[in-house]
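Q: Provided below: coords.pdb, containing PDB, C-alpha atoms.
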```
ATOM      1  CA  VAL A   1      -0.709  26.332  10.888  1.00  0.00           C
ATOM      2  CA  GLN A   2      -0.892  30.065  10.358  1.00  0.00           C
ATOM      3  CA  LEU A   3      -3.571  32.721  10.013  1.00  0.00           C
ATOM      4  CA  VAL A   4      -2.300  36.168   9.088  1.00  0.00           C
ATOM      5  CA  GLU A   5      -4.570  39.211   9.036  1.00  0.00           C
ATOM      6  CA  PHE A   6      -4.006  42.302   6.887  1.00  0.00           C
ATOM      7  CA  GLY A   7      -5.741  45.578   6.280  1.00  0.00           C
ATOM      8  CA  GLY A   8      -6.276  47.199   9.653  1.00  0.00           C
ATOM      9  CA  GLY A   9      -5.530  50.833  10.283  1.00  0.00           C
ATOM     10  CA  LEU A  10      -6.883  54.251  11.202  1.00  0.00           C
ATOM     11  CA  VAL A  11     -10.005  55.453   9.403  1.00  0.00           C
ATOM     12  CA  GLN A  12     -12.427  58.319   9.897  1.00  0.00           C
ATOM     13  CA  PRO A  13     -16.047  57.687  10.895  1.00  0.00           C
ATOM     14  CA  GLY A  14     -18.076  56.781   7.842  1.00  0.00           C
ATOM     15  CA  GLY A  15     -15.048  55.337   6.093  1.00  0.00           C
ATOM     16  CA  SER A  16     -14.292  51.829   4.888  1.00  0.00           C
ATOM     17  CA  LEU A  17     -11.653  49.170   5.398  1.00  0.00           C
ATOM     18  CA  ARG A  18     -11.171  45.702   3.976  1.00  0.00           C
ATOM     19  CA  LEU A  19      -9.556  43.093   6.171  1.00  0.00           C
ATOM     20  CA  SER A  20      -7.957  39.974   4.730  1.00  0.00           C
ATOM     21  CA  CYS A  21      -6.875  36.773   6.440  1.00  0.00           C
ATOM     22  CA  ALA A  22      -4.617  34.276   4.725  1.00  0.00           C
ATOM     23  CA  GLY A  23      -4.505  30.720   6.024  1.00  0.00           C
ATOM     24  CA  SER A  24      -1.795  28.109   5.592  1.00  0.00           C
ATOM     25  CA  GLY A  25      -0.859  24.740   7.001  1.00  0.00           C
ATOM     26  CA  PHE A  26      -4.382  23.340   6.989  1.00  0.00           C
ATOM     27  CA  THR A  27      -7.131  22.531   4.470  1.00  0.00           C
ATOM     28  CA  PHE A  28      -8.707  25.970   4.337  1.00  0.00           C
ATOM     29  CA  SER A  29     -11.761  24.895   2.342  1.00  0.00           C
ATOM     30  CA  ASN A  30     -12.808  22.474   5.101  1.00  0.00           C
ATOM     31  CA  TYR A  31     -13.030  25.191   7.744  1.00  0.00           C
ATOM     32  CA  ASP A  32     -15.749  27.627   8.684  1.00  0.00           C
ATOM     33  CA  MET A  33     -14.157  31.051   9.010  1.00  0.00           C
ATOM     34  CA  ASN A  34     -15.021  33.781  11.482  1.00  0.00           C
ATOM     35  CA  TRP A  35     -14.034  37.319  12.318  1.00  0.00           C
ATOM     36  CA  TYR A  36     -14.018  38.299  15.979  1.00  0.00           C
ATOM     37  CA  ARG A  37     -13.149  41.586  17.590  1.00  0.00           C
ATOM     38  CA  GLN A  38     -12.121  42.732  21.020  1.00  0.00           C
ATOM     39  CA  ALA A  39     -12.250  46.301  22.225  1.00  0.00           C
ATOM     40  CA  PRO A  40     -10.208  47.469  25.234  1.00  0.00           C
ATOM     41  CA  GLY A  41     -11.801  46.281  28.465  1.00  0.00           C
ATOM     42  CA  LYS A  42     -14.377  44.131  26.669  1.00  0.00           C
ATOM     43  CA  GLY A  43     -14.764  40.471  25.794  1.00  0.00           C
ATOM     44  CA  ARG A  44     -14.167  38.977  22.387  1.00  0.00           C
ATOM     45  CA  GLU A  45     -17.219  39.345  20.117  1.00  0.00           C
ATOM     46  CA  LEU A  46     -18.149  37.325  17.020  1.00  0.00           C
ATOM     47  CA  VAL A  47     -18.574  39.833  14.209  1.00  0.00           C
ATOM     48  CA  ALA A  48     -19.194  37.667  11.143  1.00  0.00           C
ATOM     49  CA  ALA A  49     -19.037  34.029  10.103  1.00  0.00           C
ATOM     50  CA  ILE A  50     -18.988  32.173   6.809  1.00  0.00           C
ATOM     51  CA  SER A  51     -19.384  28.460   6.161  1.00  0.00           C
ATOM     52  CA  SER A  52     -16.652  26.384   4.564  1.00  0.00           C
ATOM     53  CA  VAL A  53     -18.036  26.690   1.039  1.00  0.00           C
ATOM     54  CA  GLY A  54     -19.360  30.192   1.538  1.00  0.00           C
ATOM     55  CA  SER A  55     -23.029  29.280   1.312  1.00  0.00           C
ATOM     56  CA  ARG A  56     -23.988  30.641   4.742  1.00  0.00           C
ATOM     57  CA  THR A  57     -23.058  33.890   6.448  1.00  0.00           C
ATOM     58  CA  THR A  58     -24.065  35.351   9.786  1.00  0.00           C
ATOM     59  CA  TYR A  59     -23.447  38.746  11.343  1.00  0.00           C
ATOM     60  CA  ALA A  60     -23.620  40.416  14.714  1.00  0.00           C
ATOM     61  CA  ASP A  61     -26.590  42.767  14.911  1.00  0.00           C
ATOM     62  CA  SER A  62     -24.211  45.681  15.444  1.00  0.00           C
ATOM     63  CA  VAL A  63     -22.635  45.247  11.985  1.00  0.00           C
ATOM     64  CA  LYS A  64     -25.524  43.986   9.841  1.00  0.00           C
ATOM     65  CA  GLY A  65     -25.877  45.998   6.670  1.00  0.00           C
ATOM     66  CA  ARG A  66     -22.407  47.524   7.070  1.00  0.00           C
ATOM     67  CA  PHE A  67     -19.982  44.563   7.045  1.00  0.00           C
ATOM     68  CA  THR A  68     -19.688  41.761   4.505  1.00  0.00           C
ATOM     69  CA  ILE A  69     -17.732  38.551   4.965  1.00  0.00           C
ATOM     70  CA  SER A  70     -16.545  36.580   1.939  1.00  0.00           C
ATOM     71  CA  ARG A  71     -13.922  33.998   1.066  1.00  0.00           C
ATOM     72  CA  GLU A  72     -11.811  32.733  -1.810  1.00  0.00           C
ATOM     73  CA  ASN A  73     -10.950  29.118  -1.091  1.00  0.00           C
ATOM     74  CA  ALA A  74      -8.645  28.944  -4.104  1.00  0.00           C
ATOM     75  CA  LYS A  75      -6.511  31.609  -2.391  1.00  0.00           C
ATOM     76  CA  ASN A  76      -7.011  30.359   1.193  1.00  0.00           C
ATOM     77  CA  THR A  77      -8.275  33.798   2.108  1.00  0.00           C
ATOM     78  CA  VAL A  78     -11.242  35.256   3.948  1.00  0.00           C
ATOM     79  CA  PHE A  79     -12.242  38.911   3.788  1.00  0.00           C
ATOM     80  CA  LEU A  80     -14.210  41.362   5.873  1.00  0.00           C
ATOM     81  CA  GLN A  81     -15.429  44.437   4.025  1.00  0.00           C
ATOM     82  CA  MET A  82     -16.323  47.110   6.573  1.00  0.00           C
ATOM     83  CA  ASN A  83     -18.313  50.145   5.452  1.00  0.00           C
ATOM     84  CA  SER A  84     -19.867  53.070   7.313  1.00  0.00           C
ATOM     85  CA  LEU A  85     -17.429  52.551  10.146  1.00  0.00           C
ATOM     86  CA  LYS A  86     -18.251  53.965  13.566  1.00  0.00           C
ATOM     87  CA  PRO A  87     -16.011  54.793  16.532  1.00  0.00           C
ATOM     88  CA  GLU A  88     -17.543  51.826  18.370  1.00  0.00           C
ATOM     89  CA  ASP A  89     -16.082  49.520  15.715  1.00  0.00           C
ATOM     90  CA  THR A  90     -12.638  50.309  17.121  1.00  0.00           C
ATOM     91  CA  ALA A  91     -11.090  47.019  18.232  1.00  0.00           C
ATOM     92  CA  MET A  92      -8.515  44.370  17.511  1.00  0.00           C
ATOM     93  CA  TYR A  93      -9.957  42.124  14.807  1.00  0.00           C
ATOM     94  CA  TYR A  94      -9.100  38.430  14.798  1.00  0.00           C
ATOM     95  CA  CYS A  95      -9.473  35.770  12.144  1.00  0.00           C
ATOM     96  CA  HIS A  96     -10.637  32.366  13.385  1.00  0.00           C
ATOM     97  CA  ALA A  97     -10.819  29.010  11.607  1.00  0.00           C
ATOM     98  CA  ARG A  98     -13.001  26.206  12.945  1.00  0.00           C
ATOM     99  CA  SER A  99     -13.595  22.590  11.975  1.00  0.00           C
ATOM    100  CA  HIS A 100     -14.503  20.582  15.029  1.00  0.00           C
ATOM    101  CA  PRO A 101     -12.478  19.692  17.009  1.00  0.00           C
ATOM    102  CA  ASN A 102      -9.787  21.924  15.511  1.00  0.00           C
ATOM    103  CA  TYR A 103      -9.676  25.712  15.641  1.00  0.00           C
ATOM    104  CA  TYR A 104      -7.014  28.334  14.988  1.00  0.00           C
ATOM    105  CA  TRP A 105      -6.585  32.035  15.682  1.00  0.00           C
ATOM    106  CA  GLY A 106      -4.713  34.784  13.903  1.00  0.00           C
ATOM    107  CA  GLN A 107      -2.615  37.364  15.730  1.00  0.00           C
ATOM    108  CA  GLY A 108      -5.090  40.180  15.094  1.00  0.00           C
ATOM    109  CA  THR A 109      -5.106  43.479  13.255  1.00  0.00           C
ATOM    110  CA  GLN A 110      -6.019  46.795  14.860  1.00  0.00           C
ATOM    111  CA  VAL A 111      -8.886  48.873  13.492  1.00  0.00           C
ATOM    112  CA  THR A 112      -9.262  52.386  14.864  1.00  0.00           C
ATOM    113  CA  VAL A 113     -12.164  54.608  13.823  1.00  0.00           C
ATOM    114  CA  SER A 114     -11.544  58.187  14.843  1.00  0.00           C
ATOM    115  CA  SER A 115     -11.627  61.707  13.478  1.00  0.00           C
TER     116      SER A 115
END
```
Do you think you could lay out the structure here as structure tokens?
A:
Amino acid sequence: VQLVEFGGGLVQPGGSLRLSCAGSGFTFSNYDMNWYRQAPGKGRELVAAISSVGSRTTYADSVKGRFTISRENAKNTVFLQMNSLKPEDTAMYYCHARSHPNYYWGQGTQVTVSS
């Protein structure tokens, strides 16, 4: 089983990034997919979630209206489009797959928002 994130980097405040997470080794379309983040010295926070077929999405209040989660089950990939980025969005972003009782984590991709 593998989850590999792509797309992190350094961006100026107000900018955009698109994160991708490719899954393999499990039936991707059966899993709810989530994006978490963890800033230095803080706990891991759920940023966005999408149901297995993409019919339901939820967002942390801090990112509502700025981030969009989506998925392409045919490509075993989940995305996080991040717009209007703020310095407080700086964190390691992790992809997470869940289908009780199984769950998997990616290795994370760093997002830094700074001028």
Q: Could you check which of A:Val111, A:Gly14, A:Ala22, A:Glu72 is closest to Ala97 (chain A), using all atoms listed in the file?
A: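 For Ala97 (chain A), the nearest of the given residues is A:Ala22.
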Q: Extract, using only C-alpha atoms, all DNA, RNA and protein residues at most 10 Å from Arg44 (chain A), discarding same-chain residues fewer than 5 positions from it, and format them as JSON, numbers by chain.
A: {"A": [36, 37, 38, 39, 91, 92, 93, 94]}
Q: From the set A:Val1, A:Val78, A:Val63, A:Cys95, which residue has the shortest atom-to-atom contact distance to Gln110 (chain A), counting only C-alpha atoms?
A: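 Result for the nearest residue to Gln110 (chain A): A:Cys95.
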Q: Would you mind reading off the distance between CA of Met33 (chain A) and CA of Met82 (chain A), one decimal, in Å?
A: 16.4 Å
Q: Between A:Ser52, A:Thr112, A:Val11, A:Phe67, which is the closest to Thr27 (chain A) once you count all atoms listed in the file?
A: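 Using all atoms listed in the file, Thr27 (chain A) sits closest to A:Ser52.
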Q: Rounded to one decimal in Å, what is the spacing between CA of Leu85 (chain A) and CA of Trp35 (chain A)?
A: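 Between these atoms lies a distance of 15.8 Å.
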Q: Give me, please, the distance in Å between CA of Ser84 (chain A) and CA of Leu3 (chain A), quoted to one decimal.
A: 26.2 Å
Q: Find, counting all atoms listed in the file, the residue in A:Gly54, A:Pro101, A:Gly106, A:Gly8 that gets nearest to Gln81 (chain A).
A: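 Comparing A:Gly54, A:Pro101, A:Gly106, A:Gly8 against Gln81 (chain A), the winner is A:Gly8.
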Q: Could you expand the PyMOL selection byres ((chain A and resi 13) around 10) into the explicit residues it covers here, written as a PyMOL selection string?
A: chain A and resi 10-12+14-16+83-89+112-115
Q: Restricted to C-alpha atoms, what would the selected residues look like written as a compact mmCIF listing (two decimals), in the frame of the given file?
A:
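Written file, part_19.txt:
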```txt
# COMPACT_ATOMS: atom_id res chain seq x y z
CA LEU A 10 -6.88 54.25 11.20
CA VAL A 11 -10.01 55.45 9.40
CA GLN A 12 -12.43 58.32 9.90
CA GLY A 14 -18.08 56.78 7.84
CA GLY A 15 -15.05 55.34 6.09
CA SER A 16 -14.29 51.83 4.89
CA ASN A 83 -18.31 50.14 5.45
CA SER A 84 -19.87 53.07 7.31
CA LEU A 85 -17.43 52.55 10.15
CA LYS A 86 -18.25 53.96 13.57
CA PRO A 87 -16.01 54.79 16.53
CA GLU A 88 -17.54 51.83 18.37
CA ASP A 89 -16.08 49.52 15.72
CA THR A 112 -9.26 52.39 14.86
CA VAL A 113 -12.16 54.61 13.82
CA SER A 114 -11.54 58.19 14.84
CA SER A 115 -11.63 61.71 13.48
```
Q: Quick one: residues within 7 Å of Ile69 (chain A), only C-alpha atoms counted, chain neighbours fewer than 2 positions away excluded, as an MDAnalysis selection string?
A: chainID A and resid 48:50 67 79:81
Q: Working from the structure I just supplied, which lacks atoms in region 73-90 of chain A, can you model N, CA and C atoms there and output them as a PDB file, in the coordinates of the input?
A:
```pdb
ATOM      1  N   ASN A  73     -11.628  30.347  -1.514  1.00  0.00           N
ATOM      2  CA  ASN A  73     -10.950  29.118  -1.091  1.00  0.00           C
ATOM      3  C   ASN A  73      -9.739  28.799  -1.971  1.00  0.00           C
ATOM      4  N   ALA A  74      -9.780  29.196  -3.215  1.00  0.00           N
ATOM      5  CA  ALA A  74      -8.645  28.944  -4.104  1.00  0.00           C
ATOM      6  C   ALA A  74      -7.402  29.708  -3.647  1.00  0.00           C
ATOM      7  N   LYS A  75      -7.628  30.799  -2.890  1.00  0.00           N
ATOM      8  CA  LYS A  75      -6.511  31.609  -2.391  1.00  0.00           C
ATOM      9  C   LYS A  75      -6.349  31.488  -0.879  1.00  0.00           C
ATOM     10  N   ASN A  76      -7.105  30.565  -0.265  1.00  0.00           N
ATOM     11  CA  ASN A  76      -7.011  30.359   1.193  1.00  0.00           C
ATOM     12  C   ASN A  76      -7.166  31.671   1.964  1.00  0.00           C
ATOM     13  N   THR A  77      -8.132  32.466   1.539  1.00  0.00           N
ATOM     14  CA  THR A  77      -8.275  33.798   2.108  1.00  0.00           C
ATOM     15  C   THR A  77      -9.735  34.096   2.436  1.00  0.00           C
ATOM     16  N   VAL A  78      -9.932  34.754   3.565  1.00  0.00           N
ATOM     17  CA  VAL A  78     -11.242  35.256   3.948  1.00  0.00           C
ATOM     18  C   VAL A  78     -11.139  36.767   4.107  1.00  0.00           C
ATOM     19  N   PHE A  79     -12.229  37.451   3.783  1.00  0.00           N
ATOM     20  CA  PHE A  79     -12.242  38.911   3.788  1.00  0.00           C
ATOM     21  C   PHE A  79     -13.346  39.431   4.708  1.00  0.00           C
ATOM     22  N   LEU A  80     -13.151  40.646   5.174  1.00  0.00           N
ATOM     23  CA  LEU A  80     -14.210  41.362   5.873  1.00  0.00           C
ATOM     24  C   LEU A  80     -14.228  42.784   5.331  1.00  0.00           C
ATOM     25  N   GLN A  81     -15.243  43.089   4.532  1.00  0.00           N
ATOM     26  CA  GLN A  81     -15.429  44.437   4.025  1.00  0.00           C
ATOM     27  C   GLN A  81     -16.239  45.218   5.039  1.00  0.00           C
ATOM     28  N   MET A  82     -15.684  46.315   5.527  1.00  0.00           N
ATOM     29  CA  MET A  82     -16.323  47.110   6.573  1.00  0.00           C
ATOM     30  C   MET A  82     -16.609  48.500   6.028  1.00  0.00           C
ATOM     31  N   ASN A  83     -17.873  48.837   5.942  1.00  0.00           N
ATOM     32  CA  ASN A  83     -18.313  50.145   5.452  1.00  0.00           C
ATOM     33  C   ASN A  83     -19.011  50.918   6.565  1.00  0.00           C
ATOM     34  N   SER A  84     -19.179  52.199   6.347  1.00  0.00           N
ATOM     35  CA  SER A  84     -19.867  53.070   7.313  1.00  0.00           C
ATOM     36  C   SER A  84     -19.347  52.843   8.732  1.00  0.00           C
ATOM     37  N   LEU A  85     -18.046  52.854   8.859  1.00  0.00           N
ATOM     38  CA  LEU A  85     -17.429  52.551  10.146  1.00  0.00           C
ATOM     39  C   LEU A  85     -17.768  53.607  11.197  1.00  0.00           C
ATOM     40  N   LYS A  86     -17.898  53.119  12.431  1.00  0.00           N
ATOM     41  CA  LYS A  86     -18.251  53.965  13.566  1.00  0.00           C
ATOM     42  C   LYS A  86     -17.143  53.867  14.618  1.00  0.00           C
ATOM     43  N   PRO A  87     -17.033  54.872  15.471  1.00  0.00           N
ATOM     44  CA  PRO A  87     -16.011  54.793  16.532  1.00  0.00           C
ATOM     45  C   PRO A  87     -16.139  53.519  17.382  1.00  0.00           C
ATOM     46  N   GLU A  88     -17.352  53.037  17.565  1.00  0.00           N
ATOM     47  CA  GLU A  88     -17.543  51.826  18.370  1.00  0.00           C
ATOM     48  C   GLU A  88     -17.083  50.551  17.663  1.00  0.00           C
ATOM     49  N   ASP A  89     -16.685  50.658  16.411  1.00  0.00           N
ATOM     50  CA  ASP A  89     -16.082  49.520  15.715  1.00  0.00           C
ATOM     51  C   ASP A  89     -14.595  49.393  16.031  1.00  0.00           C
ATOM     52  N   THR A  90     -14.048  50.353  16.745  1.00  0.00           N
ATOM     53  CA  THR A  90     -12.638  50.309  17.121  1.00  0.00           C
ATOM     54  C   THR A  90     -12.354  49.089  17.979  1.00  0.00           C
TER      55      THR A  90
END
```
